[in-house]
file work-v1.csv (CSV, C-alpha atoms)
chain,number,residue,atom,x,y,z
A,449,MET,CA,-6.4,-10.7,-12.7
A,450,ARG,CA,-3.1,-9.6,-14.0
A,451,ILE,CA,-1.5,-7.5,-11.3
A,452,THR,CA,1.8,-5.8,-10.6
A,453,VAL,CA,3.0,-5.4,-7.0
A,454,PHE,CA,5.6,-2.7,-6.0
A,455,GLY,CA,7.5,-3.2,-2.8
A,456,ALA,CA,7.2,-6.9,-3.0
A,457,THR,CA,10.0,-7.5,-0.5
A,458,GLY,CA,8.3,-5.4,2.2
A,459,GLY,CA,6.0,-6.8,4.9
A,460,VAL,CA,2.8,-5.8,3.2
A,461,GLY,CA,4.2,-6.4,-0.3
A,462,GLN,CA,5.2,-10.0,0.5
A,463,GLU,CA,1.6,-10.7,1.7
A,464,ILE,CA,0.1,-9.2,-1.4
A,465,VAL,CA,2.2,-11.3,-3.6
A,466,GLY,CA,1.6,-14.5,-1.7
A,467,GLN,CA,-2.1,-14.0,-1.4
A,468,ALA,CA,-2.5,-13.0,-5.0
A,469,LEU,CA,-0.6,-16.1,-6.2
A,470,ALA,CA,-2.7,-18.3,-4.0
A,471,ALA,CA,-5.8,-16.8,-5.5
A,472,GLY,CA,-4.6,-17.6,-9.0
A,473,HIS,CA,-3.7,-14.1,-10.2
A,474,GLU,CA,-0.8,-13.5,-12.6
A,475,VAL,CA,1.7,-11.5,-10.5
A,476,THR,CA,4.7,-9.3,-11.5
A,477,ALA,CA,6.9,-8.2,-8.6
A,478,VAL,CA,8.7,-4.9,-8.7
A,479,VAL,CA,11.5,-4.6,-6.1
A,480,ARG,CA,14.4,-2.4,-5.2
A,481,ASP,CA,16.6,-5.5,-4.5
A,482,PRO,CA,15.7,-8.8,-6.1
A,483,ASP,CA,18.0,-10.6,-3.6
A,484,ARG,CA,15.6,-9.6,-0.8
A,485,LEU,CA,12.7,-11.5,-2.3
A,486,PRO,CA,11.9,-14.2,0.3
A,487,GLU,CA,12.4,-17.8,-0.6
A,488,ARG,CA,8.8,-18.6,0.5
A,489,LEU,CA,7.6,-16.6,-2.5
A,490,ASP,CA,8.0,-19.0,-5.4
A,491,ARG,CA,9.8,-17.1,-8.1
A,492,ALA,CA,8.8,-19.7,-10.6
A,493,ALA,CA,5.1,-18.7,-9.9
A,494,LEU,CA,5.7,-15.1,-10.7
A,495,ALA,CA,5.3,-13.7,-14.2
A,496,ALA,CA,8.4,-11.5,-13.7
A,497,VAL,CA,10.6,-9.9,-11.1
A,498,VAL,CA,11.6,-6.3,-12.1
A,499,ARG,CA,13.9,-3.8,-10.5
A,500,LEU,CA,12.4,-0.5,-9.4
A,501,ASP,CA,15.4,1.5,-10.6
A,502,ASP,CA,14.8,0.5,-14.3
A,503,PRO,CA,12.2,3.0,-15.7
A,504,ALA,CA,11.8,1.0,-18.9
A,505,ALA,CA,11.3,-2.2,-17.0
A,506,VAL,CA,8.8,-0.6,-14.6
A,507,ARG,CA,6.8,0.8,-17.5
A,508,ALA,CA,6.7,-2.7,-19.1
A,509,ALA,CA,5.7,-4.2,-15.8
A,510,VAL,CA,2.5,-2.1,-15.6
A,511,ALA,CA,1.6,-2.3,-19.3
A,512,GLY,CA,-1.7,-4.1,-19.8
A,513,ARG,CA,-2.3,-4.9,-16.1
A,514,ASP,CA,-5.7,-5.0,-14.5
A,515,ALA,CA,-4.3,-3.4,-11.4
A,516,VAL,CA,-1.2,-2.1,-9.7
A,517,LEU,CA,-0.7,-2.5,-5.9
A,518,SER,CA,2.0,-0.8,-3.9
A,519,GLY,CA,3.4,-1.7,-0.4
A,520,LEU,CA,6.2,0.9,-0.8
A,521,GLY,CA,7.1,3.1,2.2
A,522,SER,CA,9.7,4.1,4.7
A,523,ARG,CA,11.5,1.4,6.7
A,524,GLY,CA,12.2,3.7,9.6
A,525,ARG,CA,11.4,7.1,11.1
A,526,ARG,CA,13.2,9.0,8.4
A,527,ALA,CA,11.2,8.8,5.2
A,528,ASP,CA,13.4,11.0,3.0
A,529,GLY,CA,10.4,11.3,0.6
A,530,VAL,CA,10.5,7.7,-0.4
A,531,ALA,CA,6.8,7.1,-0.7
A,532,GLU,CA,6.2,10.3,-2.7
A,533,ARG,CA,9.2,9.7,-4.9
A,534,LEU,CA,8.7,6.1,-5.7
A,535,THR,CA,4.9,6.4,-6.1
A,536,GLY,CA,5.7,9.2,-8.6
A,537,ARG,CA,7.6,6.6,-10.7
A,538,ILE,CA,4.6,4.3,-10.6
A,539,LEU,CA,2.2,7.1,-11.6
A,540,THR,CA,4.4,8.1,-14.5
A,541,ALA,CA,4.6,4.5,-15.8
A,542,MET,CA,0.9,3.9,-15.4
A,543,GLU,CA,-0.1,7.2,-17.1
A,544,ALA,CA,2.2,6.4,-20.0
A,545,GLU,CA,0.6,3.0,-20.5
A,546,GLY,CA,-3.0,4.1,-19.8
A,547,VAL,CA,-3.3,1.8,-16.8
A,548,ARG,CA,-5.8,3.1,-14.3
A,549,ARG,CA,-6.4,1.0,-11.1
A,550,LEU,CA,-3.9,1.6,-8.3
A,551,VAL,CA,-4.1,0.6,-4.6
A,552,VAL,CA,-1.4,1.8,-2.2
A,553,VAL,CA,-0.6,1.7,1.5
A,554,SER,CA,-0.8,4.9,3.4
A,555,ALA,CA,-1.6,5.3,7.2
A,556,VAL,CA,-4.4,6.3,9.5
A,557,PRO,CA,-2.9,9.7,10.6
A,558,VAL,CA,-2.9,10.9,7.0
A,559,GLY,CA,-6.7,10.8,6.8
A,560,PRO,CA,-9.4,12.5,8.9
A,561,GLU,CA,-9.6,11.8,12.6
A,562,PRO,CA,-11.9,8.7,13.2
A,563,ALA,CA,-15.4,9.9,14.1
A,564,GLY,CA,-16.3,9.4,17.8
A,565,ASP,CA,-12.9,8.3,18.9
A,566,ARG,CA,-12.3,8.4,22.7
A,567,LEU,CA,-9.9,11.0,24.0
A,568,VAL,CA,-7.3,8.4,24.8
A,569,ASP,CA,-7.4,7.1,21.2
A,570,ARG,CA,-7.1,10.7,19.9
A,571,LEU,CA,-4.1,11.4,22.1
A,572,ALA,CA,-2.4,8.1,21.2
A,573,LEU,CA,-2.8,9.0,17.5
A,574,LYS,CA,-1.3,12.5,18.1
A,575,VAL,CA,1.7,11.0,19.9
A,576,VAL,CA,2.4,8.5,17.1
A,577,GLY,CA,1.9,11.3,14.6
A,578,ALA,CA,4.5,13.5,16.3
A,579,VAL,CA,7.1,10.6,16.6
A,580,LEU,CA,6.6,9.6,12.9
A,581,ALA,CA,5.9,13.1,11.5
A,582,ASP,CA,8.4,12.7,8.7
A,583,VAL,CA,6.9,9.4,7.6
A,584,TYR,CA,3.3,10.8,7.6
A,585,ASP,CA,4.3,14.0,5.9
A,586,ASP,CA,5.8,11.9,3.1
A,587,LEU,CA,2.6,9.8,2.9
A,588,ALA,CA,0.5,12.9,2.8
A,589,ARG,CA,2.5,14.2,-0.2
A,590,MET,CA,2.1,10.8,-1.8
A,591,GLU,CA,-1.6,11.0,-1.5
A,592,ALA,CA,-1.6,14.5,-2.9
A,593,ALA,CA,0.2,13.2,-5.9
A,594,LEU,CA,-2.4,10.4,-6.3
A,595,ALA,CA,-5.2,13.0,-6.2
A,596,ARG,CA,-3.5,15.0,-9.0
A,597,SER,CA,-3.1,11.9,-11.1
A,598,ALA,CA,-5.2,10.3,-13.9
A,599,THR,CA,-5.4,7.0,-12.0
A,600,ASP,CA,-8.3,5.3,-10.2
A,601,TRP,CA,-6.4,5.2,-7.0
A,602,THR,CA,-7.2,4.0,-3.5
A,603,ALA,CA,-5.1,4.7,-0.4
A,604,VAL,CA,-5.4,2.1,2.3
A,605,ARG,CA,-4.8,3.7,5.7
A,606,PRO,CA,-4.0,1.2,8.5
A,607,PRO,CA,-2.9,2.0,12.1
A,608,LYS,CA,-0.1,0.1,13.7
A,609,LEU,CA,1.0,-2.9,11.6
A,610,THR,CA,1.6,-6.3,13.2
A,611,ASP,CA,3.0,-9.6,12.0
A,612,GLY,CA,-0.2,-11.4,13.0
A,613,PRO,CA,-2.0,-14.0,10.8
A,614,LEU,CA,-4.4,-13.4,8.0
A,615,THR,CA,-7.9,-13.4,9.5
A,616,GLY,CA,-10.1,-11.7,6.9
A,617,VAL,CA,-11.9,-10.2,9.8
A,618,TYR,CA,-11.4,-6.4,10.1
A,619,ARG,CA,-13.3,-3.2,9.9
A,620,ARG,CA,-12.9,-0.8,7.0
A,621,VAL,CA,-14.3,2.7,6.4
A,622,VAL,CA,-14.3,4.4,3.0
A,623,GLY,CA,-13.3,8.1,3.4
A,624,GLY,CA,-12.4,7.7,7.1
A,625,ALA,CA,-11.1,5.3,9.7
A,626,PRO,CA,-12.7,2.8,12.0
A,627,ARG,CA,-13.3,4.1,15.5
A,628,GLY,CA,-10.6,3.1,18.0
A,629,SER,CA,-8.2,2.1,15.3
A,630,ARG,CA,-5.2,0.5,17.1
A,631,SER,CA,-3.7,-2.2,14.9
A,632,VAL,CA,-4.1,-4.6,12.0
A,633,SER,CA,-1.8,-7.3,10.6
A,634,ARG,CA,0.1,-6.8,7.4
A,635,ALA,CA,-1.6,-10.0,6.1
A,636,ASP,CA,-5.0,-8.4,6.6
A,637,VAL,CA,-4.0,-5.1,5.0
A,638,ALA,CA,-2.9,-7.1,1.9
A,639,HIS,CA,-6.2,-9.0,2.0
A,640,ALA,CA,-8.1,-5.7,2.1
A,641,MET,CA,-6.0,-4.2,-0.7
A,642,LEU,CA,-6.7,-7.1,-3.0
A,643,ALA,CA,-10.5,-7.0,-2.2
A,644,LEU,CA,-10.6,-3.2,-2.8
A,645,VAL,CA,-9.2,-3.5,-6.3
A,646,GLU,CA,-12.7,-4.4,-7.6
A,647,ASP,CA,-14.7,-2.1,-5.2
A,648,PRO,CA,-15.9,1.0,-7.2
A,649,ALA,CA,-16.8,2.8,-3.9
A,650,ALA,CA,-13.1,2.9,-3.0
A,651,VAL,CA,-12.0,4.7,-6.2
A,652,GLN,CA,-10.2,8.0,-5.4
A,653,GLN,CA,-10.8,7.4,-1.7
A,654,GLY,CA,-8.8,6.8,1.4
A,655,VAL,CA,-9.9,3.6,3.2
A,656,GLY,CA,-9.2,3.0,6.9
A,657,VAL,CA,-8.6,-0.6,7.8
A,658,ALA,CA,-8.3,-1.9,11.4
A,659,TYR,CA,-9.4,-4.5,13.8

call {"tool": "encode", "arguments": {"input": "work-v1.csv", "output": "C-alpha cells"}}
result
Amino acid sequence: MRITVFGATGGVGQEIVGQALAAGHEVTAVVRDPDRLPERLDRAALAAVVRLDDPAAVRAAVAGRDAVLSGLGSRGRRADGVAERLTGRILTAMEAEGVRRLVVVSAVPVGPEPAGDRLVDRLALKVVGAVLADVYDDLARMEAALARSATDWTAVRPPKLTDGPLTGVYRRVVGGAPRGSRSVSRADVAHAMLALVEDPAAVQQGVGVAY
C-alpha cells in the first residue's frame, strides 16, 4: 500500500512507520519537526518527510494514497485543541484530493462505556476521564469532525498506552471497547491500525483495542 502517516515522531506514529516499512509499504511521514524523527526510522526508506505546517506539502503528501493514518494528539494534560485542529488539516487535504481511507488514534473514554465492566473498572475510567478531561474533550471534537467528513474514517480507541513490545495479541471491539480495558502497547495499537485499514467493518466506526 501507499500510506501517509501523520504524527510520525510520536510514540504510536513511530510504530506505524516502522511496521509499515517492514511490511513493504510505501510510506510518507508528516511531522511537526523533522529533526525529531528517530534515527531508528531509516529516512532513506521513506518516500518523503513532510512538515505539517506546510498546507501545500500536506495536500501533496495525501494525494493518490491508499490510506492515511494519524498518531497525532496531545503530549500532556493540556490539549489546546491539537487533535481537532490538526485532524482538520488532514481532512481538508484528503477531501481536496479525493482520498477516503483514514485511521486515527483516539481513546477509550471518548467511546461508549465497555459493556459489562466491573464497578472498579468503571470508576477507574471515570477518574482518568476527569484528570484528562481536556484531552478527551479534544478527541471527542476530533471524532465529531470525522463524522461530518466525507472520509471513510476509523477512530482507534486504546486505554492506557505503554511502551511494551509488539505482540499482535490483543482484543478489539468495533463500535465499543473490550471489557476491562486497562492498557495496550503503542506497538500493538499501530499493528491494529494497519490491520484495520482494510477492514470494511471498521469504516465510520470507533474501535476499542486493549489487552

call {"tool": "residues_around", "arguments": {"input": "work-v1.csv", "residues": "Val516 (chain A)", "least_positions_apart": "6", "cutoff": "8 Å", "atoms": "all atoms listed in the file", "output": "list in words"}}
result
Ile451, Thr452, Val453, Phe454, Val510, Arg549, Leu550 and Val551 of chain A

call {"tool": "residues_around", "arguments": {"input": "work-v1.csv", "residues": "Glu543 (chain A)", "least_positions_apart": "3", "cutoff": "10 Å", "atoms": "all atoms listed in the file", "output": "list in words"}}
result
Arg507, Val510, Ala511, Ile538, Leu539, Thr540, Gly546, Val547, Arg548, Ser597, Ala598 and Thr599 of chain A

call {"tool": "closest_residue", "arguments": {"input": "work-v1.csv", "among": "A:Ala505, A:Val651, A:Leu534, A:Leu494", "to": "Ala595 (chain A)", "atoms": "all atoms listed in the file"}}
result
A:Val651

call {"tool": "atom_distance", "arguments": {"input": "work-v1.csv", "atom1": "CA of His639 (chain A)", "atom2": "CA of Asp611 (chain A)"}}
result
13.6 Å

call {"tool": "atom_distance", "arguments": {"input": "work-v1.csv", "atom1": "CA of Val497 (chain A)", "atom2": "CA of Ala509 (chain A)"}}
result
8.9 Å

call {"tool": "closest_residue", "arguments": {"input": "work-v1.csv", "among": "A:Gly656, A:Gly521, A:Gly455, A:Pro482", "to": "Val632 (chain A)", "atoms": "all atoms listed in the file"}}
result
A:Gly656

call {"tool": "atom_distance", "arguments": {"input": "work-v1.csv", "atom1": "CA of Val617 (chain A)", "atom2": "CA of Ala658 (chain A)"}}
result
9.2 Å

call {"tool": "residues_near_point", "arguments": {"input": "work-v1.csv", "point": "(-10.1, -9.2, -11.6)", "cutoff": "10 Å", "atoms": "all atoms listed in the file", "output": "PyMOL selection string"}}
result
chain A and resi 449-451+473+513-515+642-643+645-646
